[in-house]
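Asker: Following this line is structure_9.txt, made up of compact mmCIF, C-alpha atoms:
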```txt
# COMPACT_ATOMS: atom_id res chain seq x y z
CA MET P 15 -86.58 -107.26 27.19
CA ASP P 16 -89.98 -107.87 25.63
CA PRO P 17 -92.40 -110.26 27.43
CA GLU P 18 -92.26 -112.81 24.59
CA THR P 19 -88.47 -113.19 24.78
CA MET P 20 -88.70 -113.35 28.56
CA HIS P 21 -91.23 -116.18 28.42
CA ARG P 22 -89.19 -118.02 25.81
CA LEU P 23 -86.11 -117.86 28.07
CA LEU P 24 -88.07 -119.02 31.10
CA ASN P 25 -89.63 -121.90 29.14
CA LEU P 26 -86.19 -122.91 27.86
CA THR P 27 -84.88 -122.92 31.46
CA THR P 28 -87.84 -125.05 32.53
CA LEU P 29 -87.15 -127.55 29.76
CA LEU P 30 -83.42 -127.71 30.53
CA SER P 31 -84.08 -128.12 34.26
CA ALA P 32 -86.59 -130.91 33.64
CA ALA P 33 -84.13 -132.60 31.24
CA LEU P 34 -81.39 -132.35 33.86
CA ILE P 35 -83.65 -133.90 36.52
CA LEU P 36 -84.53 -136.79 34.17
CA LEU P 37 -80.89 -137.27 33.16
CA VAL P 38 -79.72 -137.38 36.78
CA LEU P 39 -82.51 -139.77 37.86
CA GLN P 40 -81.77 -142.04 34.90
CA SER P 41 -78.03 -141.98 35.71
CA VAL P 42 -78.75 -142.87 39.34
CA ARG P 43 -81.07 -145.70 38.23
CA ARG P 44 -78.34 -147.10 35.97
CA GLU P 45 -75.79 -146.65 38.78
CA HIS P 46 -73.67 -144.24 36.74
CA ILE P 47 -73.94 -141.70 39.58
CA ARG P 48 -74.10 -142.57 43.25
CA VAL P 49 -77.17 -141.24 45.08
CA GLU P 50 -75.12 -138.98 47.36
CA TYR P 51 -73.56 -137.23 44.35
CA SER P 52 -76.90 -136.80 42.58
CA VAL P 53 -78.30 -134.64 45.40
CA SER P 54 -76.35 -131.52 44.35
CA TRP P 55 -77.49 -131.79 40.73
CA LEU P 56 -81.11 -132.50 41.64
CA THR P 57 -81.21 -129.60 44.10
CA ALA P 58 -79.76 -127.23 41.49
CA ALA P 59 -82.18 -128.43 38.80
CA ILE P 60 -85.22 -128.19 41.09
CA VAL P 61 -84.29 -124.65 42.20
CA LEU P 62 -84.05 -123.56 38.57
CA LEU P 63 -87.29 -125.35 37.64
CA VAL P 64 -89.23 -123.72 40.47
CA LEU P 65 -87.86 -120.24 39.76
CA SER P 66 -88.53 -120.52 36.04
CA ARG P 67 -92.20 -121.41 36.72
CA ALA P 68 -92.84 -119.06 39.64
CA GLU P 69 -92.55 -115.69 37.91
CA GLY P 70 -93.63 -113.80 41.01
CA ALA P 71 -90.87 -115.34 43.12
CA LEU P 72 -88.32 -114.81 40.35
CA GLY P 73 -89.42 -111.18 40.03
CA SER P 74 -88.91 -110.68 43.77
CA VAL P 75 -85.45 -112.25 43.63
CA ALA P 76 -84.54 -110.09 40.62
CA TRP P 77 -85.75 -106.98 42.43
CA TRP P 78 -83.78 -107.96 45.52
CA LEU P 79 -80.66 -108.45 43.38
CA GLY P 80 -81.28 -105.12 41.63
CA ILE P 81 -81.66 -106.72 38.20
CA ALA P 82 -84.32 -105.29 35.90
CA HIS P 83 -84.92 -108.46 33.86
CA PRO P 84 -85.98 -111.60 35.80
CA PRO P 85 -84.51 -114.06 33.18
CA VAL P 86 -81.09 -112.44 33.61
CA ALA P 87 -81.44 -112.94 37.35
CA LEU P 88 -82.35 -116.58 36.69
CA LEU P 89 -79.24 -117.06 34.54
CA LEU P 90 -77.09 -115.50 37.27
CA ILE P 91 -78.66 -117.76 39.89
CA ALA P 92 -78.09 -120.77 37.61
CA LEU P 93 -74.46 -119.78 37.17
CA GLY P 94 -74.01 -119.39 40.93
CA VAL P 95 -75.72 -122.70 41.72
CA PHE P 96 -73.66 -124.64 39.18
CA LEU P 97 -70.43 -122.98 40.36
CA LEU P 98 -71.28 -124.17 43.88
CA VAL P 99 -71.94 -127.69 42.56
CA PHE P 100 -68.62 -127.72 40.66
CA PHE P 101 -66.80 -126.44 43.72
CA ARG P 102 -68.34 -129.15 45.89
CA PHE P 103 -67.25 -131.78 43.38
CA SER P 104 -63.73 -130.32 43.26
CA ILE P 105 -63.53 -130.86 47.03
CA ILE P 106 -64.85 -134.42 46.68
CA ILE P 107 -62.46 -135.22 43.80
CA SER P 108 -59.48 -133.82 45.72
CA HIS P 109 -60.35 -135.92 48.75
CA LEU P 110 -60.83 -139.01 46.59
CA LYS P 111 -57.48 -138.40 44.87
CA ASP P 112 -55.69 -138.10 48.22
CA THR P 113 -57.24 -141.30 49.57
CA ASN P 114 -56.62 -143.06 46.27
CA ILE P 115 -52.92 -142.16 46.32
CA ALA P 116 -52.56 -143.22 49.95
CA LEU P 117 -54.31 -146.50 49.14
CA ALA P 118 -52.11 -147.18 46.10
CA GLN P 119 -48.98 -146.48 48.16
CA ARG P 120 -50.23 -148.77 50.95
CA VAL P 121 -50.95 -151.59 48.48
CA ALA P 122 -47.50 -151.21 46.92
CA ILE P 123 -45.75 -151.22 50.32
CA LEU P 124 -47.71 -154.25 51.52
CA GLU P 125 -46.91 -156.13 48.30
CA TYR P 126 -43.26 -155.22 48.73
CA ARG P 127 -43.25 -156.49 52.30
CA ILE P 128 -45.07 -159.70 51.37
CA GLU P 129 -42.51 -160.35 48.62
CA SER P 130 -39.71 -159.66 51.09
CA LEU P 131 -41.25 -162.10 53.56
CA ALA P 132 -41.57 -164.77 50.90
CA ARG P 133 -37.98 -164.22 49.79
CA THR P 134 -36.13 -163.90 53.07
CA GLY P 135 -38.42 -165.25 55.79
CA PRO P 136 -40.16 -163.30 58.56
CA ALA P 137 -37.15 -162.75 60.80
CA GLN P 138 -35.05 -161.01 58.11
CA ALA P 139 -37.87 -159.11 56.46
CA LEU P 140 -39.06 -157.51 59.68
CA ALA P 141 -35.60 -156.73 61.02
CA ARG P 142 -34.99 -153.02 61.49
CA PRO P 143 -31.93 -151.59 59.72
CA GLU P 144 -29.17 -149.65 61.46
CA MET D 14 -31.68 -146.60 51.58
CA ILE D 15 -31.41 -145.35 48.03
CA ILE D 16 -34.73 -144.75 46.30
CA ILE D 17 -35.00 -144.36 42.54
CA PRO D 18 -38.38 -143.12 41.28
CA ALA D 19 -38.85 -144.27 37.71
CA TYR D 20 -41.55 -144.10 35.07
CA ASN D 21 -40.85 -145.68 31.69
CA GLU D 22 -37.09 -145.54 32.18
CA GLU D 23 -36.16 -148.97 30.78
CA GLY D 24 -33.31 -147.42 28.83
CA ALA D 25 -31.63 -145.85 31.85
CA VAL D 26 -32.73 -147.46 35.10
CA GLY D 27 -30.56 -150.58 34.83
CA GLY D 28 -27.39 -148.52 34.49
CA VAL D 29 -28.41 -146.23 37.34
CA VAL D 30 -29.03 -149.19 39.66
CA GLN D 31 -25.70 -150.80 38.79
CA GLU D 32 -23.83 -147.54 39.36
CA VAL D 33 -25.55 -146.97 42.70
CA ARG D 34 -24.74 -150.49 43.86
CA GLN D 35 -21.09 -149.97 42.98
CA VAL D 36 -20.91 -146.66 44.84
CA VAL D 37 -22.83 -147.75 47.97
CA PRO D 38 -22.77 -151.57 47.90
CA ARG D 39 -24.24 -151.96 51.40
CA ALA D 40 -27.24 -149.71 50.92
CA PRO D 41 -30.56 -151.22 49.83
CA VAL D 42 -31.57 -149.88 46.44
CA VAL D 43 -35.29 -149.63 45.80
CA VAL D 44 -36.71 -148.57 42.45
CA ILE D 45 -40.21 -147.15 42.82
CA ASP D 46 -41.89 -148.07 39.57
CA ASP D 47 -44.71 -145.62 38.89
CA CYS D 48 -46.70 -148.21 36.93
CA SER D 49 -44.44 -148.05 33.90
CA THR D 50 -45.77 -149.44 30.65
CA ASP D 51 -42.33 -150.64 29.59
CA ALA D 52 -39.83 -153.04 31.18
CA THR D 53 -38.56 -150.65 33.86
CA ALA D 54 -39.44 -152.91 36.80
CA GLY D 55 -37.95 -156.05 35.25
CA ILE D 56 -34.73 -154.33 34.23
CA ALA D 57 -34.37 -152.77 37.67
CA ARG D 58 -34.73 -156.21 39.28
CA LEU D 59 -32.19 -157.72 36.86
CA ALA D 60 -29.76 -154.93 37.76
CA GLY D 61 -30.05 -155.91 41.42
CA ALA D 62 -32.59 -153.46 42.82
CA GLU D 63 -35.69 -154.23 44.79
CA VAL D 64 -38.82 -152.83 43.21
CA LEU D 65 -41.75 -151.11 44.85
CA SER D 66 -44.44 -151.38 42.16
CA LEU D 67 -47.25 -148.85 42.34
CA PRO D 68 -50.60 -150.27 41.19
CA HIS D 69 -51.32 -147.22 39.04
CA HIS D 70 -49.54 -144.09 37.89
CA LEU D 71 -49.31 -141.53 40.72
CA GLY D 72 -46.93 -138.96 39.29
CA LEU D 73 -43.54 -137.98 40.66
CA GLY D 74 -44.66 -136.75 44.10
CA GLY D 75 -46.79 -139.80 44.88
CA CYS D 76 -44.03 -142.06 43.60
CA VAL D 77 -41.31 -140.45 45.73
CA GLN D 78 -43.58 -140.33 48.77
CA ALA D 79 -44.20 -144.08 48.45
CA GLY D 80 -40.44 -144.56 48.72
CA TYR D 81 -40.25 -142.28 51.74
CA LYS D 82 -43.13 -144.12 53.42
CA LEU D 83 -41.46 -147.48 52.82
CA ALA D 84 -38.13 -146.26 54.18
CA TYR D 85 -39.83 -144.74 57.22
CA GLU D 86 -41.81 -147.91 57.96
CA LEU D 87 -38.68 -150.03 57.61
CA GLY D 88 -36.88 -147.78 60.09
CA PHE D 89 -34.18 -146.26 57.88
CA GLN D 90 -32.33 -143.22 59.21
CA TYR D 91 -31.24 -141.77 55.87
CA VAL D 92 -32.71 -141.93 52.40
CA ILE D 93 -31.15 -140.62 49.23
CA ARG D 94 -33.27 -140.08 46.16
CA VAL D 95 -31.65 -140.56 42.78
CA ASP D 96 -33.66 -140.06 39.59
CA GLY D 97 -34.06 -143.06 37.30
CA ASP D 98 -33.13 -141.18 34.12
CA GLY D 99 -29.39 -141.28 34.78
CA GLN D 100 -28.95 -137.52 35.06
CA HIS D 101 -27.54 -137.70 38.56
CA ASN D 102 -23.91 -138.62 38.99
CA THR D 103 -24.09 -141.46 41.49
CA SER D 104 -20.50 -140.85 42.63
CA ASP D 105 -21.94 -137.81 44.46
CA ILE D 106 -24.05 -140.05 46.74
CA PRO D 107 -21.35 -140.46 49.45
CA ARG D 108 -20.95 -136.67 49.64
CA ILE D 109 -24.66 -136.22 50.21
CA LEU D 110 -24.77 -139.00 52.81
CA ASP D 111 -21.69 -137.72 54.65
CA THR D 112 -23.11 -134.19 54.73
CA LEU D 113 -26.45 -135.52 55.95
CA ARG D 114 -24.73 -137.32 58.82
CA ALA D 115 -22.23 -134.60 59.73
CA SER D 116 -24.39 -131.49 59.37
CA GLY D 117 -27.45 -132.64 61.28
CA CYS D 118 -29.56 -131.00 58.56
CA GLN D 119 -32.82 -132.68 57.75
CA MET D 120 -32.20 -132.43 54.01
CA VAL D 121 -29.16 -132.23 51.76
CA ILE D 122 -29.64 -131.09 48.18
CA GLY D 123 -27.29 -132.05 45.39
CA SER D 124 -26.93 -128.75 43.55
CA ARG D 125 -25.99 -128.57 39.89
CA PHE D 126 -25.12 -124.89 40.21
CA LEU D 127 -23.08 -124.57 43.40
CA ASP D 128 -19.78 -124.97 41.55
CA GLY D 129 -20.78 -122.83 38.59
CA ASP D 130 -23.17 -123.57 35.78
CA ARG D 131 -21.69 -126.59 34.00
CA ASN D 132 -24.66 -128.77 33.50
CA HIS D 133 -27.13 -129.95 30.92
CA THR D 134 -30.19 -127.94 31.91
CA SER D 135 -32.13 -126.33 29.06
CA GLY D 136 -32.39 -122.53 28.70
CA VAL D 137 -36.03 -122.32 29.73
CA ARG D 138 -35.42 -124.39 32.83
CA LYS D 139 -32.41 -122.29 33.78
CA LEU D 140 -34.66 -119.24 33.58
CA GLY D 141 -37.26 -120.98 35.77
CA ILE D 142 -34.62 -121.99 38.31
CA ARG D 143 -33.33 -118.39 38.50
CA PHE D 144 -36.87 -117.17 39.02
CA PHE D 145 -37.49 -119.60 41.88
CA ARG D 146 -34.14 -118.76 43.47
CA LEU D 147 -35.34 -115.16 43.75
CA VAL D 148 -38.80 -116.13 44.98
CA LEU D 149 -37.56 -118.64 47.55
CA ARG D 150 -34.77 -116.60 49.09
CA PRO D 151 -36.98 -114.44 51.33
CA ILE D 152 -39.31 -117.37 52.08
CA LEU D 153 -36.58 -119.83 53.05
CA GLY D 154 -34.32 -117.22 54.62
CA GLN D 155 -31.30 -118.61 52.85
CA ARG D 156 -29.93 -118.92 49.36
CA VAL D 157 -30.72 -122.07 47.43
CA THR D 158 -28.97 -122.46 44.08
CA ASP D 159 -30.84 -125.50 42.78
CA PRO D 160 -34.37 -125.59 44.19
CA THR D 161 -35.60 -128.02 41.51
CA SER D 162 -32.94 -130.66 42.15
CA GLY D 163 -34.29 -134.17 42.58
CA PHE D 164 -30.95 -135.41 43.91
CA VAL D 165 -31.62 -135.12 47.64
CA GLY D 166 -30.89 -136.89 50.88
CA VAL D 167 -33.21 -136.73 53.88
CA ASN D 168 -32.88 -137.90 57.46
CA ARG D 169 -35.53 -139.63 59.57
CA GLN D 170 -37.11 -136.40 60.81
CA ALA D 171 -37.77 -135.26 57.25
CA LEU D 172 -38.88 -138.78 56.36
CA GLU D 173 -41.53 -138.63 59.03
CA VAL D 174 -42.84 -135.31 57.73
CA PHE D 175 -42.76 -136.38 54.08
CA SER D 176 -44.46 -139.69 54.88
CA ARG D 177 -47.44 -137.72 56.12
CA SER D 178 -47.37 -134.79 53.71
CA PHE D 179 -45.57 -134.50 50.41
CA PRO D 180 -46.41 -132.39 47.36
CA LEU D 181 -47.75 -134.51 44.54
CA GLU D 182 -46.77 -132.66 41.39
CA TYR D 183 -43.38 -131.02 40.92
CA PRO D 184 -42.55 -131.70 44.58
CA GLU D 185 -38.99 -130.39 44.96
CA ILE D 186 -39.64 -126.69 45.58
CA GLU D 187 -42.72 -127.20 47.74
CA ALA D 188 -40.85 -129.79 49.80
CA LEU D 189 -38.29 -127.12 50.73
CA VAL D 190 -41.07 -124.85 51.97
CA VAL D 191 -42.67 -127.73 53.90
CA LEU D 192 -39.35 -128.28 55.72
CA GLN D 193 -38.69 -124.58 56.27
CA ARG D 194 -42.11 -124.06 57.84
CA ARG D 195 -41.22 -126.73 60.41
CA ALA D 196 -37.92 -124.97 61.16
CA PHE D 197 -35.97 -127.84 59.61
CA ARG D 198 -32.63 -127.11 58.01
CA PHE D 199 -31.22 -127.98 54.62
CA VAL D 200 -27.87 -127.52 52.96
CA GLU D 201 -26.61 -127.85 49.41
CA VAL D 202 -23.59 -129.76 48.19
CA PRO D 203 -22.13 -129.51 44.69
CA CYS D 204 -23.13 -132.28 42.30
CA GLN D 205 -22.68 -132.93 38.63
CA ALA D 206 -25.51 -133.45 36.20
CA ARG D 207 -25.36 -135.52 33.05
CA PRO D 208 -27.58 -135.69 29.99
CA ARG D 209 -30.47 -138.16 30.18
CA ARG D 210 -29.41 -141.66 29.23
CA ALA D 211 -32.68 -142.38 27.46
CA GLY D 212 -36.31 -141.33 27.35
CA ARG D 213 -37.88 -137.90 27.54
CA SER D 214 -38.03 -135.29 30.27
CA THR D 215 -41.23 -135.24 32.33
CA ILE D 216 -41.35 -131.43 32.07
CA THR D 217 -41.35 -130.04 28.53
CA THR D 218 -40.81 -126.44 27.58
CA LEU D 219 -44.53 -126.00 26.93
CA GLN D 220 -45.36 -127.13 30.47
CA SER D 221 -43.05 -124.59 32.05
CA ILE D 222 -45.69 -121.90 32.52
CA TYR D 223 -48.06 -124.37 34.15
CA TYR D 224 -45.14 -125.55 36.29
CA ILE D 225 -44.37 -122.02 37.52
CA VAL D 226 -48.01 -121.22 38.33
CA HIS D 227 -48.56 -124.59 40.02
CA VAL D 228 -45.43 -124.37 42.14
CA LEU D 229 -46.03 -120.74 43.14
CA LEU D 230 -49.54 -121.67 44.26
CA GLY D 231 -48.20 -124.69 46.15
CA VAL D 232 -45.60 -122.53 47.90
CA LEU D 233 -48.27 -120.00 48.85
CA VAL D 234 -50.59 -122.70 50.19
CA ASN D 235 -47.78 -124.18 52.29
CA ILE D 236 -46.95 -120.77 53.72
CA LEU D 237 -50.59 -120.17 54.59
CA LYS D 238 -51.36 -123.53 56.16
CA SER D 239 -48.26 -124.19 58.20
CA PRO D 240 -48.81 -121.76 61.10
CA TRP D 241 -52.30 -123.16 61.65
CA ARG D 242 -50.95 -126.71 61.75
CA ARG D 243 -48.19 -125.71 64.14
CA ARG D 244 -50.72 -124.13 66.48
CA ARG D 245 -52.95 -127.19 66.28
CA ASN D 246 -50.05 -129.50 67.08
```
Produce structure tokens that represent the structure in this file.
Answerer:
Amino acid sequence: MDPETMHRLLNLTTLLSAALILLVLQSVRREHIRVEYSVSWLTAAIVLLVLSRAEGALGSVAWWLGIAHPPVALLLIALGVFLLVFFRFSIIISHLKDTNIALAQRVAILEYRIESLARTGPAQALARPE
Amino acid sequence: MIIIPAYNEEGAVGGVVQEVRQVVPRAPVVVIDDCSTDATAGIARLAGAEVLSLPHHLGLGGCVQAGYKLAYELGFQYVIRVDGDGQHNTSDIPRILDTLRASGCQMVIGSRFLDGDRNHTSGVRKLGIRFFRLVLRPILGQRVTDPTSGFVGVNRQALEVFSRSFPLEYPEIEALVVLQRRAFRFVEVPCQARPRRAGRSTITTLQSIYYIVHVLLGVLVNILKSPWRRRRN
């Protein structure tokens, strides 16, 4: 990879990282993303921004990974970081779905029991069946 | 208690409720309305059922589990699930209930295939059912002819387990594994199936591959997590 292409790729990564940081901060400011969920994105974007500007550090990481071209190493790191972010959000979404389902079921059951109370009176509605 | 999970079944649910009330007049009949966009809840009420209305659509597993949770909280000993599409022959309910009481099994499955294959299941589904019979036999340690049947009866022990943990999508097969991992027993009784009275199946032919992958993964997860939970408990 010639130095010009390498610099172009690194500059592009810098721009994209900066854009991501701005987008996340703007989304947090507008309350589209909660602060706790912006941390993963900001961390990922800052890591990429720093690596794309610190060529020496990126070169060391690429050497450590056994990759001849530092921009390729940066792309691999970006892929890994974003996969981790997606995985974290999958865990959060799964947990939210579970709690959401439990909550919906609880609301439905409480409504059912309130309706039963209104219809039959407390003594009948709370009576245990055989 | 008889629970009838229903989603957009206005064409069938009224008839199902009426049939159930004729067959088991003393049992409470509760339709669990999975936030239908049609008149399912109103028609069920008119037919004489009580309605547990979910505030938003949860899918079959969440819908059935809501019914199990309600029955468990209200202290019922036996619950029979009948689908709201009219495919289950309600005259089979007493057989399921009697078997549940007499056998001591935690679950009784109404099988469409125990007395031969005289039902209205499509070709692709039959293939899927045969596949899962083969897969489940070594896992469950017994033959099950209709692992995808939604016509099931459970006792209070199974109710307690399902109230805490129940598969959310395509729950029937995974539920069997959940019970087996707790050393619970189940038995099948022959039941008849009928064509749907109205509406459309929730599982189309195109979804079958997703269904198989999803259920296989669910079975695997249940096998992997159960020993750990048993040790913890």
Asker: Dump as a PyMOL selection string the residues of chain D that approach chain P to within 7 Å, counting all atoms listed in the file.
Answerer: chain D and resi 65-68+71+75+79+83+87-89
Asker: Quick one, how far is CA of Pro85 (chain P) from CA of Arg102 (chain P)?
Answerer: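 A separation of 25.5 Å between them.
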Asker: Interatomic distance between CA of Arg169 (chain D) and CA of Cys118 (chain D)?
Answerer: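 That distance, rounded to one decimal, is 10.5 Å.
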Asker: CA of Leu233 (chain D) and CA of Asp96 (chain D), how far apart in Å?
Answerer: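 Separation between CA of Asp96 (chain D) and CA of Leu233 (chain D): 26.5 Å.
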Asker: Taking only C-alpha atoms into account, which of P:Thr57, P:Leu88, P:Leu37, P:Ile106 comes nearest Leu23 (chain P)?
Answerer: P:Leu88
Asker: Extract, using only C-alpha atoms, all DNA, RNA and protein residues at most 8 Å from region 28-33 of chain D, discarding same-chain residues fewer than 5 positions from it, and format them as a compact mmCIF listing (two decimals) with C-alpha atoms, in the frame of the given file.
Answerer:
```
# COMPACT_ATOMS: atom_id res chain seq x y z
CA PRO D 38 -22.77 -151.57 47.90
CA VAL D 42 -31.57 -149.88 46.44
CA ALA D 57 -34.37 -152.77 37.67
CA ALA D 60 -29.76 -154.93 37.76
CA GLY D 61 -30.05 -155.91 41.42
CA ALA D 62 -32.59 -153.46 42.82
CA GLY D 97 -34.06 -143.06 37.30
CA ASP D 98 -33.13 -141.18 34.12
CA GLY D 99 -29.39 -141.28 34.78
CA THR D 103 -24.09 -141.46 41.49
CA SER D 104 -20.50 -140.85 42.63
```
Asker: Could you please give me, as a list of chain:residue names, the residues of protein, DNA or RNA lying at most 9 Å from (-84.7, -129.2, 34.5) in the coordinate frame of the file, considering all atoms listed in the file?
Answerer: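 Every residue inside that radius is included here: P:Thr27, P:Thr28, P:Leu29, P:Leu30, P:Ser31, P:Ala32, P:Ala33, P:Leu34, P:Ile35, P:Leu36, P:Leu56, P:Ala58, P:Ala59, P:Ile60, P:Val61, P:Leu62, P:Leu63.
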Asker: Tell me which protein, DNA and RNA residues are within 12 Å of Gly117 (chain D), counting only C-alpha atoms, leaving out same-chain ones fewer than 4 positions away, and put them as a list in words.
Answerer: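 Residues meeting the cut-off are Gln90, Tyr91, Ile109, Leu110, Asp111, Thr112, Leu113, Val121, Gly166, Val167, Asn168, Arg169, Gln170, Ala171, Phe197, Arg198, Phe199 and Val200 of chain D.
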Asker: Output C-alpha atoms of each residue in that selection to a file, as a PDB file, keeping the file's coordinate frame.
Answerer:
```
ATOM      1  CA  GLN D  90     -32.330-143.220  59.210  1.00  0.00           C
ATOM      2  CA  TYR D  91     -31.240-141.770  55.870  1.00  0.00           C
ATOM      3  CA  ILE D 109     -24.660-136.220  50.210  1.00  0.00           C
ATOM      4  CA  LEU D 110     -24.770-139.000  52.810  1.00  0.00           C
ATOM      5  CA  ASP D 111     -21.690-137.720  54.650  1.00  0.00           C
ATOM      6  CA  THR D 112     -23.110-134.190  54.730  1.00  0.00           C
ATOM      7  CA  LEU D 113     -26.450-135.520  55.950  1.00  0.00           C
ATOM      8  CA  VAL D 121     -29.160-132.230  51.760  1.00  0.00           C
ATOM      9  CA  GLY D 166     -30.890-136.890  50.880  1.00  0.00           C
ATOM     10  CA  VAL D 167     -33.210-136.730  53.880  1.00  0.00           C
ATOM     11  CA  ASN D 168     -32.880-137.900  57.460  1.00  0.00           C
ATOM     12  CA  ARG D 169     -35.530-139.630  59.570  1.00  0.00           C
ATOM     13  CA  GLN D 170     -37.110-136.400  60.810  1.00  0.00           C
ATOM     14  CA  ALA D 171     -37.770-135.260  57.250  1.00  0.00           C
ATOM     15  CA  PHE D 197     -35.970-127.840  59.610  1.00  0.00           C
ATOM     16  CA  ARG D 198     -32.630-127.110  58.010  1.00  0.00           C
ATOM     17  CA  PHE D 199     -31.220-127.980  54.620  1.00  0.00           C
ATOM     18  CA  VAL D 200     -27.870-127.520  52.960  1.00  0.00           C
TER      19      VAL D 200
END
```
Asker: Neighbours of Val37 (chain D) within 9 Å (all atoms listed in the file; same-chain residues fewer than 3 positions away dropped), as a ChimeraX atom specification?
Answerer: /D:15,32-34,40-41,106-107
Asker: Generate the output file for the selected residues, C-alpha atoms, as a CSV table (one decimal), in the coordinates of the input.
Answerer:
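Ended up saving to again-v4.csv:
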```
chain,number,residue,atom,x,y,z
D,15,ILE,CA,-31.4,-145.4,48.0
D,32,GLU,CA,-23.8,-147.5,39.4
D,33,VAL,CA,-25.6,-147.0,42.7
D,34,ARG,CA,-24.7,-150.5,43.9
D,40,ALA,CA,-27.2,-149.7,50.9
D,41,PRO,CA,-30.6,-151.2,49.8
D,106,ILE,CA,-24.0,-140.0,46.7
D,107,PRO,CA,-21.4,-140.5,49.4
```
